[in-house]
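The file query-v7.csv contains CSV, C-alpha atoms:
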chain,number,residue,atom,x,y,z
A,921,MET,CA,0.0,0.0,0.0
A,922,LYS,CA,2.8,2.5,0.8
A,923,VAL,CA,4.5,1.8,-2.5
A,924,THR,CA,1.2,2.4,-4.3
A,925,VAL,CA,0.7,5.7,-2.5
A,926,LYS,CA,4.1,6.9,-3.5
A,927,LEU,CA,3.6,5.9,-7.1
A,928,MET,CA,0.2,7.7,-7.1
A,929,LEU,CA,1.7,10.9,-5.8
A,930,ALA,CA,4.6,10.8,-8.3
A,931,SER,CA,2.1,10.2,-11.2
A,932,LEU,CA,0.0,13.1,-10.1
A,933,ALA,CA,3.0,15.4,-9.8
A,934,ILE,CA,4.0,14.5,-13.4
A,935,ILE,CA,0.5,15.2,-14.7
A,936,ILE,CA,0.3,18.8,-13.5
A,937,GLY,CA,3.9,19.6,-13.3
A,938,ALA,CA,4.3,20.1,-9.5
A,939,SER,CA,6.0,18.4,-6.7
A,940,ALA,CA,4.3,15.7,-4.7
A,941,ALA,CA,4.5,17.9,-1.6
A,942,ASP,CA,1.9,20.2,-3.2
A,943,PHE,CA,-0.8,17.5,-3.1
A,944,CYS,CA,-3.2,16.2,-0.6
A,945,PRO,CA,-4.9,13.4,-2.5
A,946,PHE,CA,-6.2,11.6,0.5
A,947,GLU,CA,-7.6,14.6,2.4
A,948,GLY,CA,-11.4,14.4,2.6
A,949,GLN,CA,-11.5,11.1,0.6
A,950,VAL,CA,-11.2,8.3,3.2
A,951,ILE,CA,-14.4,6.8,4.6
A,952,TRP,CA,-14.6,4.7,7.8
A,953,GLY,CA,-17.3,2.3,8.9
A,954,ILE,CA,-18.1,-0.3,11.6
A,955,ASN,CA,-20.5,-3.2,11.1
A,956,GLY,CA,-22.8,-5.0,13.4
A,957,VAL,CA,-20.1,-7.2,14.9
A,958,GLN,CA,-17.7,-4.2,15.5
A,959,ASP,CA,-15.4,-5.0,12.5
A,960,ILE,CA,-13.7,-1.9,11.2
A,961,PHE,CA,-13.5,-0.9,7.5
A,962,TRP,CA,-12.1,1.9,5.4
A,963,LYS,CA,-12.2,2.9,1.8
A,964,PHE,CA,-10.6,5.5,-0.4
A,965,GLY,CA,-13.0,7.7,-2.4
A,966,GLN,CA,-16.5,6.9,-3.5
A,967,SER,CA,-15.7,3.9,-5.7
A,968,GLY,CA,-12.9,2.2,-3.8
A,969,ALA,CA,-13.3,-1.2,-2.2
A,970,TRP,CA,-13.8,-1.6,1.5
A,971,VAL,CA,-10.6,-2.7,3.4
A,972,ASN,CA,-10.9,-4.5,6.7
A,973,LYS,CA,-8.7,-2.9,9.4
A,974,PRO,CA,-7.9,-5.5,12.1
A,975,GLY,CA,-9.5,-4.6,15.5
A,976,LYS,CA,-12.9,-4.1,17.1
A,977,LEU,CA,-14.5,-0.8,17.8
A,978,VAL,CA,-18.0,0.5,18.6
A,979,TYR,CA,-17.2,4.2,17.9
A,980,LEU,CA,-14.6,6.3,16.2
A,981,ASP,CA,-13.9,9.8,14.8
A,982,HIS,CA,-11.8,10.7,11.9
A,983,LEU,CA,-9.8,13.8,11.0
A,984,PRO,CA,-8.8,14.0,7.3
A,985,THR,CA,-5.1,14.6,6.6
A,986,CYS,CA,-2.8,14.2,3.6
A,987,SER,CA,-1.8,10.7,4.8
A,988,GLY,CA,-5.4,9.5,4.9
A,989,GLY,CA,-6.5,10.9,8.2
A,990,ILE,CA,-6.0,10.2,11.9
A,991,VAL,CA,-8.5,8.1,13.8
A,992,TYR,CA,-9.4,7.8,17.5
A,993,GLY,CA,-11.7,4.9,18.4
A,994,ILE,CA,-13.5,3.4,21.4
A,995,ASN,CA,-14.1,-0.4,21.9
A,996,GLY,CA,-16.8,-2.2,23.8
A,997,LEU,CA,-14.8,-1.9,27.0
A,998,ASN,CA,-14.5,1.9,26.5
A,999,ASP,CA,-10.8,1.5,25.8
A,1000,ILE,CA,-9.4,4.3,23.6
A,1001,TYR,CA,-7.2,3.7,20.5
A,1002,TYR,CA,-5.3,6.0,18.1
A,1003,LEU,CA,-4.4,5.4,14.4
A,1004,ALA,CA,-2.0,7.8,12.6
A,1005,ASN,CA,-3.2,6.7,9.1
A,1006,PRO,CA,-4.9,3.7,7.5
A,1007,ASP,CA,-1.6,1.8,7.1
A,1008,SER,CA,-0.4,2.2,10.7
A,1009,ASN,CA,-1.2,0.1,13.7
A,1010,TRP,CA,-3.6,0.9,16.5
A,1011,LYS,CA,-2.0,2.5,19.6
A,1012,GLN,CA,-3.9,2.3,22.9
A,1013,ILE,CA,-4.3,5.6,24.8
A,1014,ALA,CA,-4.8,5.4,28.6
A,1015,GLY,CA,-8.3,6.2,29.8
A,1016,LYS,CA,-11.9,5.2,29.3
A,1017,LEU,CA,-14.4,7.1,27.1
A,1018,VAL,CA,-17.9,6.5,25.6
A,1019,TYR,CA,-17.8,9.4,23.1
A,1020,LEU,CA,-15.2,11.6,21.5
A,1021,ARG,CA,-14.8,14.2,18.7
A,1022,ILE,CA,-11.6,15.4,17.0
A,1023,ALA,CA,-11.4,19.2,16.5
A,1024,LYS,CA,-9.9,20.6,13.3
A,1025,ASN,CA,-6.7,21.4,15.2
A,1026,GLY,CA,-6.3,17.8,16.2
A,1027,ILE,CA,-7.4,18.2,19.8
A,1028,VAL,CA,-9.6,15.3,21.0
A,1029,TRP,CA,-12.6,16.1,23.2
A,1030,GLY,CA,-14.1,13.0,25.1
A,1031,ILE,CA,-16.8,12.1,27.5
A,1032,ASN,CA,-16.7,9.1,29.9
A,1033,ALA,CA,-19.5,6.9,31.3
A,1034,SER,CA,-19.8,9.4,34.2
A,1035,ASP,CA,-20.3,12.3,31.8
A,1036,ASP,CA,-16.9,13.7,32.8
A,1037,ILE,CA,-15.1,15.7,30.0
A,1038,PHE,CA,-11.5,15.2,28.9
A,1039,ILE,CA,-9.2,16.6,26.2
A,1040,LEU,CA,-6.1,15.1,24.5
A,1041,GLU,CA,-3.8,17.5,22.7
A,1042,ASN,CA,-1.3,14.9,21.5
A,1043,PRO,CA,-1.5,11.1,21.2
A,1044,ASN,CA,1.8,10.8,23.1
A,1045,GLU,CA,0.3,12.6,26.1
A,1046,ALA,CA,-2.5,11.7,28.5
A,1047,PHE,CA,-6.1,12.9,28.6
A,1048,ARG,CA,-6.8,15.6,31.1
A,1049,ASN,CA,-10.0,16.5,32.8
A,1050,ILE,CA,-12.0,19.6,31.9
A,1051,PRO,CA,-14.5,20.7,34.6
A,1052,GLY,CA,-18.2,20.0,33.7
A,1053,LYS,CA,-20.5,17.2,32.7
A,1054,LEU,CA,-21.8,16.5,29.2
A,1055,VAL,CA,-23.3,13.6,27.3
A,1056,TYR,CA,-22.8,15.0,23.8
A,1057,LEU,CA,-20.6,17.7,22.1
A,1058,ASP,CA,-19.7,19.2,18.7
A,1059,ILE,CA,-16.9,21.5,17.6
A,1060,ASP,CA,-16.7,24.2,14.9
A,1061,ASP,CA,-13.7,25.0,12.8
A,1062,ASN,CA,-12.6,27.7,15.2
A,1063,GLY,CA,-12.4,25.3,18.1
A,1064,ARG,CA,-15.6,26.5,19.8
A,1065,VAL,CA,-17.3,23.6,21.6
A,1066,TRP,CA,-21.0,23.1,22.1
A,1067,GLY,CA,-22.3,20.5,24.5
A,1068,ILE,CA,-25.5,19.1,26.0
A,1069,ASN,CA,-25.7,17.6,29.5
A,1070,ARG,CA,-27.9,14.7,30.7
A,1071,GLN,CA,-30.8,17.2,31.5
A,1072,GLY,CA,-30.6,18.6,28.0
A,1073,ASN,CA,-29.0,21.9,29.1
A,1074,ILE,CA,-26.8,23.6,26.5
A,1075,TYR,CA,-23.3,24.9,27.1
A,1076,THR,CA,-20.6,26.4,24.9
A,1077,ARG,CA,-16.9,27.4,25.4
A,1078,ALA,CA,-14.2,29.0,23.3
A,1079,GLY,CA,-11.9,25.9,23.2
A,1080,ILE,CA,-9.5,24.7,25.8
A,1081,GLU,CA,-8.8,28.2,27.3
A,1082,GLY,CA,-12.5,29.2,27.5
A,1083,SER,CA,-15.0,28.6,30.3
A,1084,TRP,CA,-18.4,26.9,29.9
A,1085,ILE,CA,-21.3,29.4,29.3
A,1086,PHE,CA,-24.9,28.3,29.8
A,1087,VAL,CA,-27.1,28.9,26.8
A,1088,PRO,CA,-30.9,29.0,27.3
A,1089,GLY,CA,-32.8,26.1,25.7
A,1090,ASN,CA,-33.0,22.4,25.9
A,1091,LEU,CA,-31.8,19.9,23.3
A,1092,LYS,CA,-31.0,16.2,22.9
A,1093,PHE,CA,-28.8,16.6,19.8
A,1094,LEU,CA,-27.0,19.4,17.9
A,1095,ARG,CA,-24.7,20.1,15.0
A,1096,VAL,CA,-22.5,23.1,14.4
A,1097,GLU,CA,-22.0,24.6,11.0
A,1098,ARG,CA,-18.2,24.3,11.0
A,1099,ASN,CA,-17.5,27.4,8.9
A,1100,THR,CA,-20.1,29.9,10.3
A,1101,GLY,CA,-20.6,28.6,13.9
A,1102,ARG,CA,-24.4,28.5,13.5
A,1103,VAL,CA,-25.9,25.7,15.7
A,1104,TRP,CA,-28.8,23.5,14.7
A,1105,GLY,CA,-30.5,21.3,17.3
A,1106,ILE,CA,-33.3,18.9,18.1
A,1107,ASN,CA,-35.2,18.6,21.4
A,1108,SER,CA,-36.8,15.5,23.0
A,1109,ALA,CA,-40.1,16.3,21.1
A,1110,ASP,CA,-38.2,16.3,17.7
A,1111,GLN,CA,-38.7,20.1,17.4
A,1112,ILE,CA,-35.9,21.9,15.6
A,1113,PHE,CA,-34.0,25.0,16.8
A,1114,THR,CA,-31.2,27.1,15.5
A,1115,LYS,CA,-28.9,29.8,16.8
A,1116,GLY,CA,-26.5,32.1,14.9
A,1117,PRO,CA,-23.2,33.3,16.4
A,1118,ASN,CA,-24.7,36.7,17.2
A,1119,ASP,CA,-28.1,35.5,18.3
A,1120,ALA,CA,-28.9,35.7,22.0
A,1121,THR,CA,-31.1,32.6,22.1
A,1122,PHE,CA,-32.2,29.7,20.0
A,1123,SER,CA,-35.1,30.2,17.6
A,1124,ALA,CA,-37.7,27.6,16.6
A,1125,VAL,CA,-37.7,26.2,13.1
A,1126,ASN,CA,-40.8,24.5,11.6
A,1127,GLY,CA,-40.8,20.7,11.2
A,1128,LEU,CA,-40.0,17.6,13.2
A,1129,LEU,CA,-36.7,15.6,12.9
A,1130,THR,CA,-34.8,12.9,14.8
A,1131,HIS,CA,-31.5,13.5,13.1
A,1132,LEU,CA,-29.9,16.3,11.1
A,1133,ASP,CA,-26.6,17.6,9.6
A,1134,VAL,CA,-25.5,20.8,7.9
A,1135,ASP,CA,-22.9,21.4,5.2
A,1136,GLU,CA,-20.3,24.1,4.7
A,1137,LEU,CA,-22.8,26.3,2.8
A,1138,GLY,CA,-25.5,26.1,5.5
A,1139,THR,CA,-27.7,23.6,3.7
A,1140,VAL,CA,-29.5,21.4,6.4
A,1141,TRP,CA,-30.4,17.8,5.9
A,1142,GLY,CA,-32.6,15.9,8.2
A,1143,ILE,CA,-34.5,12.6,8.9
A,1144,ASN,CA,-37.8,12.2,10.7
A,1145,ARG,CA,-39.2,9.3,12.7
A,1146,ASN,CA,-40.5,7.6,9.5
A,1147,ASN,CA,-36.9,7.8,8.0
A,1148,ASP,CA,-38.1,10.3,5.5
A,1149,ILE,CA,-35.4,12.7,4.2
A,1150,PHE,CA,-35.6,16.5,4.0
A,1151,LYS,CA,-33.3,19.4,3.1
A,1152,ARG,CA,-33.5,23.1,3.4
A,1153,GLU,CA,-31.3,26.0,2.3
A,1154,GLY,CA,-30.4,27.5,5.7
A,1155,VAL,CA,-32.6,29.5,8.0
A,1156,SER,CA,-34.5,31.3,5.2
A,1157,GLY,CA,-35.2,28.1,3.2
A,1158,SER,CA,-38.1,25.6,3.3
A,1159,TRP,CA,-38.0,21.9,3.9
A,1160,ILE,CA,-38.0,19.8,0.7
A,1161,ASN,CA,-38.7,16.1,0.8
A,1162,ILE,CA,-36.0,14.0,-0.8
A,1163,PRO,CA,-37.0,10.6,-2.2
A,1164,GLY,CA,-35.6,7.7,-0.1
A,1165,LYS,CA,-35.4,6.4,3.4
A,1166,LEU,CA,-32.5,6.7,5.7
A,1167,LYS,CA,-31.8,6.2,9.4
A,1168,LYS,CA,-28.6,8.4,9.6
A,1169,LEU,CA,-26.9,10.7,7.2
A,1170,ARG,CA,-23.8,13.0,6.9
A,1171,VAL,CA,-23.1,15.7,4.4
A,1172,ARG,CA,-19.7,17.1,3.3
A,1173,ASN,CA,-18.4,18.8,0.2
A,1174,GLY,CA,-21.7,18.5,-1.6
A,1175,LEU,CA,-22.0,14.7,-1.0
A,1176,VAL,CA,-24.6,13.1,1.3
A,1177,TRP,CA,-23.7,9.7,2.8
A,1178,GLY,CA,-26.4,7.7,4.5
A,1179,ILE,CA,-27.3,4.4,6.1
A,1180,ASN,CA,-30.8,2.9,6.1
A,1181,SER,CA,-32.4,0.7,8.7
A,1182,ALA,CA,-31.1,-2.5,7.0
A,1183,GLY,CA,-27.5,-1.2,7.2
A,1184,GLN,CA,-27.2,-0.5,3.4
A,1185,ILE,CA,-25.0,2.5,2.5
A,1186,PHE,CA,-26.0,5.2,0.1
A,1187,LYS,CA,-24.4,8.3,-1.5
A,1188,LEU,CA,-26.1,11.3,-3.1
A,1189,GLY,CA,-23.9,13.5,-5.2
A,1190,PHE,CA,-24.2,16.6,-7.3
A,1191,ASN,CA,-27.2,16.4,-9.6
A,1192,SER,CA,-27.6,12.6,-9.1
A,1193,GLY,CA,-29.9,10.2,-7.4
A,1194,TRP,CA,-29.0,7.9,-4.5
A,1195,VAL,CA,-26.3,5.3,-5.3
A,1196,ASN,CA,-26.0,2.1,-3.3
A,1197,ILE,CA,-22.5,1.5,-2.0
A,1198,PRO,CA,-21.7,-2.2,-1.6
A,1199,GLY,CA,-21.5,-3.3,2.1
A,1200,LEU,CA,-23.5,-3.3,5.3
A,1201,LEU,CA,-22.6,-1.0,8.2
A,1202,THR,CA,-24.2,0.2,11.4
A,1203,ARG,CA,-22.0,3.3,11.7
A,1204,LEU,CA,-20.3,5.3,9.0
A,1205,TRP,CA,-17.8,8.2,9.2
A,1206,GLY,CA,-17.3,10.5,6.3
A,1207,PRO,CA,-14.6,13.1,5.9
A,1208,ASP,CA,-16.2,15.2,8.6
A,1209,GLY,CA,-17.5,13.0,11.4
A,1210,ALA,CA,-20.0,10.3,12.2
A,1211,LEU,CA,-23.4,9.4,11.1
Rewrite the structure from the file as C-alpha cells, please.
Amino acid sequence: MKVTVKLMLASLAIIIGASAADFCPFEGQVIWGINGVQDIFWKFGQSGAWVNKPGKLVYLDHLPTCSGGIVYGINGLNDIYYLANPDSNWKQIAGKLVYLRIAKNGIVWGINASDDIFILENPNEAFRNIPGKLVYLDIDDNGRVWGINRQGNIYTRAGIEGSWIFVPGNLKFLRVERNTGRVWGINSADQIFTKGPNDATFSAVNGLLTHLDVDELGTVWGINRNNDIFKREGVSGSWINIPGKLKKLRVRNGLVWGINSAGQIFKLGFNSGWVNIPGLLTRLWGPDGAL
C-alpha cells in the first residue's frame, strides 16, 4: 500500500507539473465504517473497495489529513485507540471514554461513562479532565465547543482556554456549521431550533426531525421518525422532501452519505440520485465525522 501511494503521488506530480509535496490526494477522501459485529473498514474515495482494518470498535472519529486521516476509536470496554493513518497500527491511549470528537486542530474532546469531560492535545500525552458534565458535544472549525448535559441543558466554550457558558434552551442533539458557527439542534419532542453566532437565544424552526446535519454552505439535511429525508437552504429556506429512506446521514463537500435501517449504504452526489455503495454497516464516518 505504501508503494502504491508513492507511485500515485509521483504520477499526479508529473501530470500537472508540480512536486508531490503540493498534493493532498487523501484529504477528505477516506471513509470509515463499523459493522454489526464491531469490525472496522475503510475505503478511499467513492468507488474504492472496503478494506478491513484489524481490530474491534464501537465508535470512532476521523480527522482528514494528507496521509489518509488520523482516527481515534473506542471499543466495547470503553478503551481508547489511536491510528496515525490507515496503514499504521492501533495504539492504545490510557483512559476510558464512551464518546469523542476530534477538532480541526487535532485536539480530542471526550466524555466518559460518568459524563466527565476530557481533552487530549497529543496522542503521546495523557487525557486531562475539563470541569463540567456532558453527554454530547460538537466543535466548529474555530475550536468553539457546544455541549449538552444529561438534562438537555446547553453549554458552549471557546476551546480549551475558555469557560463553559450556559445557553438558554433544551436539546437532545445538535450540529454546528463548521464554517459559520451556527448551531442546529433537536429537542426531546423532535422540534428543531437554530442559533447564529450573534443570536442571544435559539429560535424555533418549523418541522420535526430525529437527526440532522449541515454542510459548509448552510444547507441542512434531516430525517424524521419515518426515516423520510428532508433538506433546506439554511434559516430562510423551506423543507423539501428528498425521495428515499435513511436512518442516519452525513453531508460534506456536496456529498450526502447515509445508512438505512437495513445497514445499506447510500451516497447522493451533485445532480444525481441515491447510489447504493456495496457493504453493510451500522455506523459510517465520512470526511467530517460520524453518522
Skip Ile1050 (chain A) itself and residues of its chain fewer than 4 positions away, then list as a ChimeraX atom specification all residues within 10 Å of it, counting all atoms listed in the file. /A:1029-1031,1036-1039,1080,1083-1084
Which residue out of A:Leu1128, A:Gln1111, A:Asn1069, A:Gly1199 has the minimum interatomic distance to Lys963 (chain A) when all atoms listed in the file are used?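 Closest candidate: A:Gly1199.
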Would you list the residues near (-35.1, 26.4, 9.3), meaning any protein, DNA or RNA residue with an atom at most 8 Å from that point in file coordinates, counting only C-alpha atoms, as number ranges by chain? A: 1112-1114, 1124-1126, 1152-1159
Coordinates-based distance that separates CA of Gly1183 (chain A) from CA of Gln949 (chain A) (Å, one decimal):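 CA of Gly1183 (chain A) lies at a distance of 21.2 Å from CA of Gln949 (chain A).
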So, with only C-alpha atoms as the atoms that count, which of A:Val1028, A:Lys1092, A:Asn1049, A:Trp1205 lies closest to Val1065 (chain A)?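 Selected residue with least distance to Val1065 (chain A): A:Val1028.
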Quick check, in Å to one decimal: how far apart do CA of Tyr979 (chain A) and CA of Gly993 (chain A) lie?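 So the two atoms, CA of Tyr979 (chain A) and CA of Gly993 (chain A), lie 5.6 Å apart.
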Polymer residues at most 10 Å from region 1095-1102 of chain A, all atoms listed in the file, same-chain spacing of 4 or more positions, as a ChimeraX atom specification: /A:1024,1057-1067,1106,1114-1119,1131-1140,1154-1155,1208
Write the residues of the selection above to a file with C-alpha atoms, as a PDB file, in the coordinates of the input.
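The result, written out as selection_23.pdb:
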ATOM      1  CA  LYS A1024      -9.900  20.600  13.300  1.00  0.00           C
ATOM      2  CA  LEU A1057     -20.600  17.700  22.100  1.00  0.00           C
ATOM      3  CA  ASP A1058     -19.700  19.200  18.700  1.00  0.00           C
ATOM      4  CA  ILE A1059     -16.900  21.500  17.600  1.00  0.00           C
ATOM      5  CA  ASP A1060     -16.700  24.200  14.900  1.00  0.00           C
ATOM      6  CA  ASP A1061     -13.700  25.000  12.800  1.00  0.00           C
ATOM      7  CA  ASN A1062     -12.600  27.700  15.200  1.00  0.00           C
ATOM      8  CA  GLY A1063     -12.400  25.300  18.100  1.00  0.00           C
ATOM      9  CA  ARG A1064     -15.600  26.500  19.800  1.00  0.00           C
ATOM     10  CA  VAL A1065     -17.300  23.600  21.600  1.00  0.00           C
ATOM     11  CA  TRP A1066     -21.000  23.100  22.100  1.00  0.00           C
ATOM     12  CA  GLY A1067     -22.300  20.500  24.500  1.00  0.00           C
ATOM     13  CA  ILE A1106     -33.300  18.900  18.100  1.00  0.00           C
ATOM     14  CA  THR A1114     -31.200  27.100  15.500  1.00  0.00           C
ATOM     15  CA  LYS A1115     -28.900  29.800  16.800  1.00  0.00           C
ATOM     16  CA  GLY A1116     -26.500  32.100  14.900  1.00  0.00           C
ATOM     17  CA  PRO A1117     -23.200  33.300  16.400  1.00  0.00           C
ATOM     18  CA  ASN A1118     -24.700  36.700  17.200  1.00  0.00           C
ATOM     19  CA  ASP A1119     -28.100  35.500  18.300  1.00  0.00           C
ATOM     20  CA  HIS A1131     -31.500  13.500  13.100  1.00  0.00           C
ATOM     21  CA  LEU A1132     -29.900  16.300  11.100  1.00  0.00           C
ATOM     22  CA  ASP A1133     -26.600  17.600   9.600  1.00  0.00           C
ATOM     23  CA  VAL A1134     -25.500  20.800   7.900  1.00  0.00           C
ATOM     24  CA  ASP A1135     -22.900  21.400   5.200  1.00  0.00           C
ATOM     25  CA  GLU A1136     -20.300  24.100   4.700  1.00  0.00           C
ATOM     26  CA  LEU A1137     -22.800  26.300   2.800  1.00  0.00           C
ATOM     27  CA  GLY A1138     -25.500  26.100   5.500  1.00  0.00           C
ATOM     28  CA  THR A1139     -27.700  23.600   3.700  1.00  0.00           C
ATOM     29  CA  VAL A1140     -29.500  21.400   6.400  1.00  0.00           C
ATOM     30  CA  GLY A1154     -30.400  27.500   5.700  1.00  0.00           C
ATOM     31  CA  VAL A1155     -32.600  29.500   8.000  1.00  0.00           C
ATOM     32  CA  ASP A1208     -16.200  15.200   8.600  1.00  0.00           C
TER      33      ASP A1208
END
Close residues, His982 (chain A) itself excluded, 7 Å, only C-alpha atoms, min 6 positions apart in chain, as a ChimeraX atom specification: /A:989-992,1022,1209
All residues 7 Å or closer to region 1000-1005 of chain A, only C-alpha atoms, same chain fewer than 4 positions away omitted, as a PyMOL selection string: chain A and resi 987-995+1009-1017
Neighbouring residues of Gly1072 (chain A) were defined as those with any atom within 9 Å, considering all atoms listed in the file; residues of the same chain fewer than 2 positions away were excluded. Please report them as a PyMOL selection string. chain A and resi 1055+1068-1070+1074+1089-1093+1107-1108
One decimal, Å: what's the distance from CA of Leu980 (chain A) over to CA of Ile960 (chain A), could you say?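 Straight-line distance from CA of Leu980 (chain A) to CA of Ile960 (chain A) works out to 9.6 Å.
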Check the smallest atom-to-atom distance from each of A:Arg1048, A:Lys1053, A:Lys1151, A:Lys1167 to Leu1201 (chain A) using all atoms listed in the file, then report the winner.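 Answer, going by the shortest atom-to-atom distance: A:Lys1167.
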Return the single residue from A:Gly996, A:Pro1198, A:Gly975, A:Pro1163 that is closest to Val1018 (chain A), with distances computed using all atoms listed in the file. A:Gly996
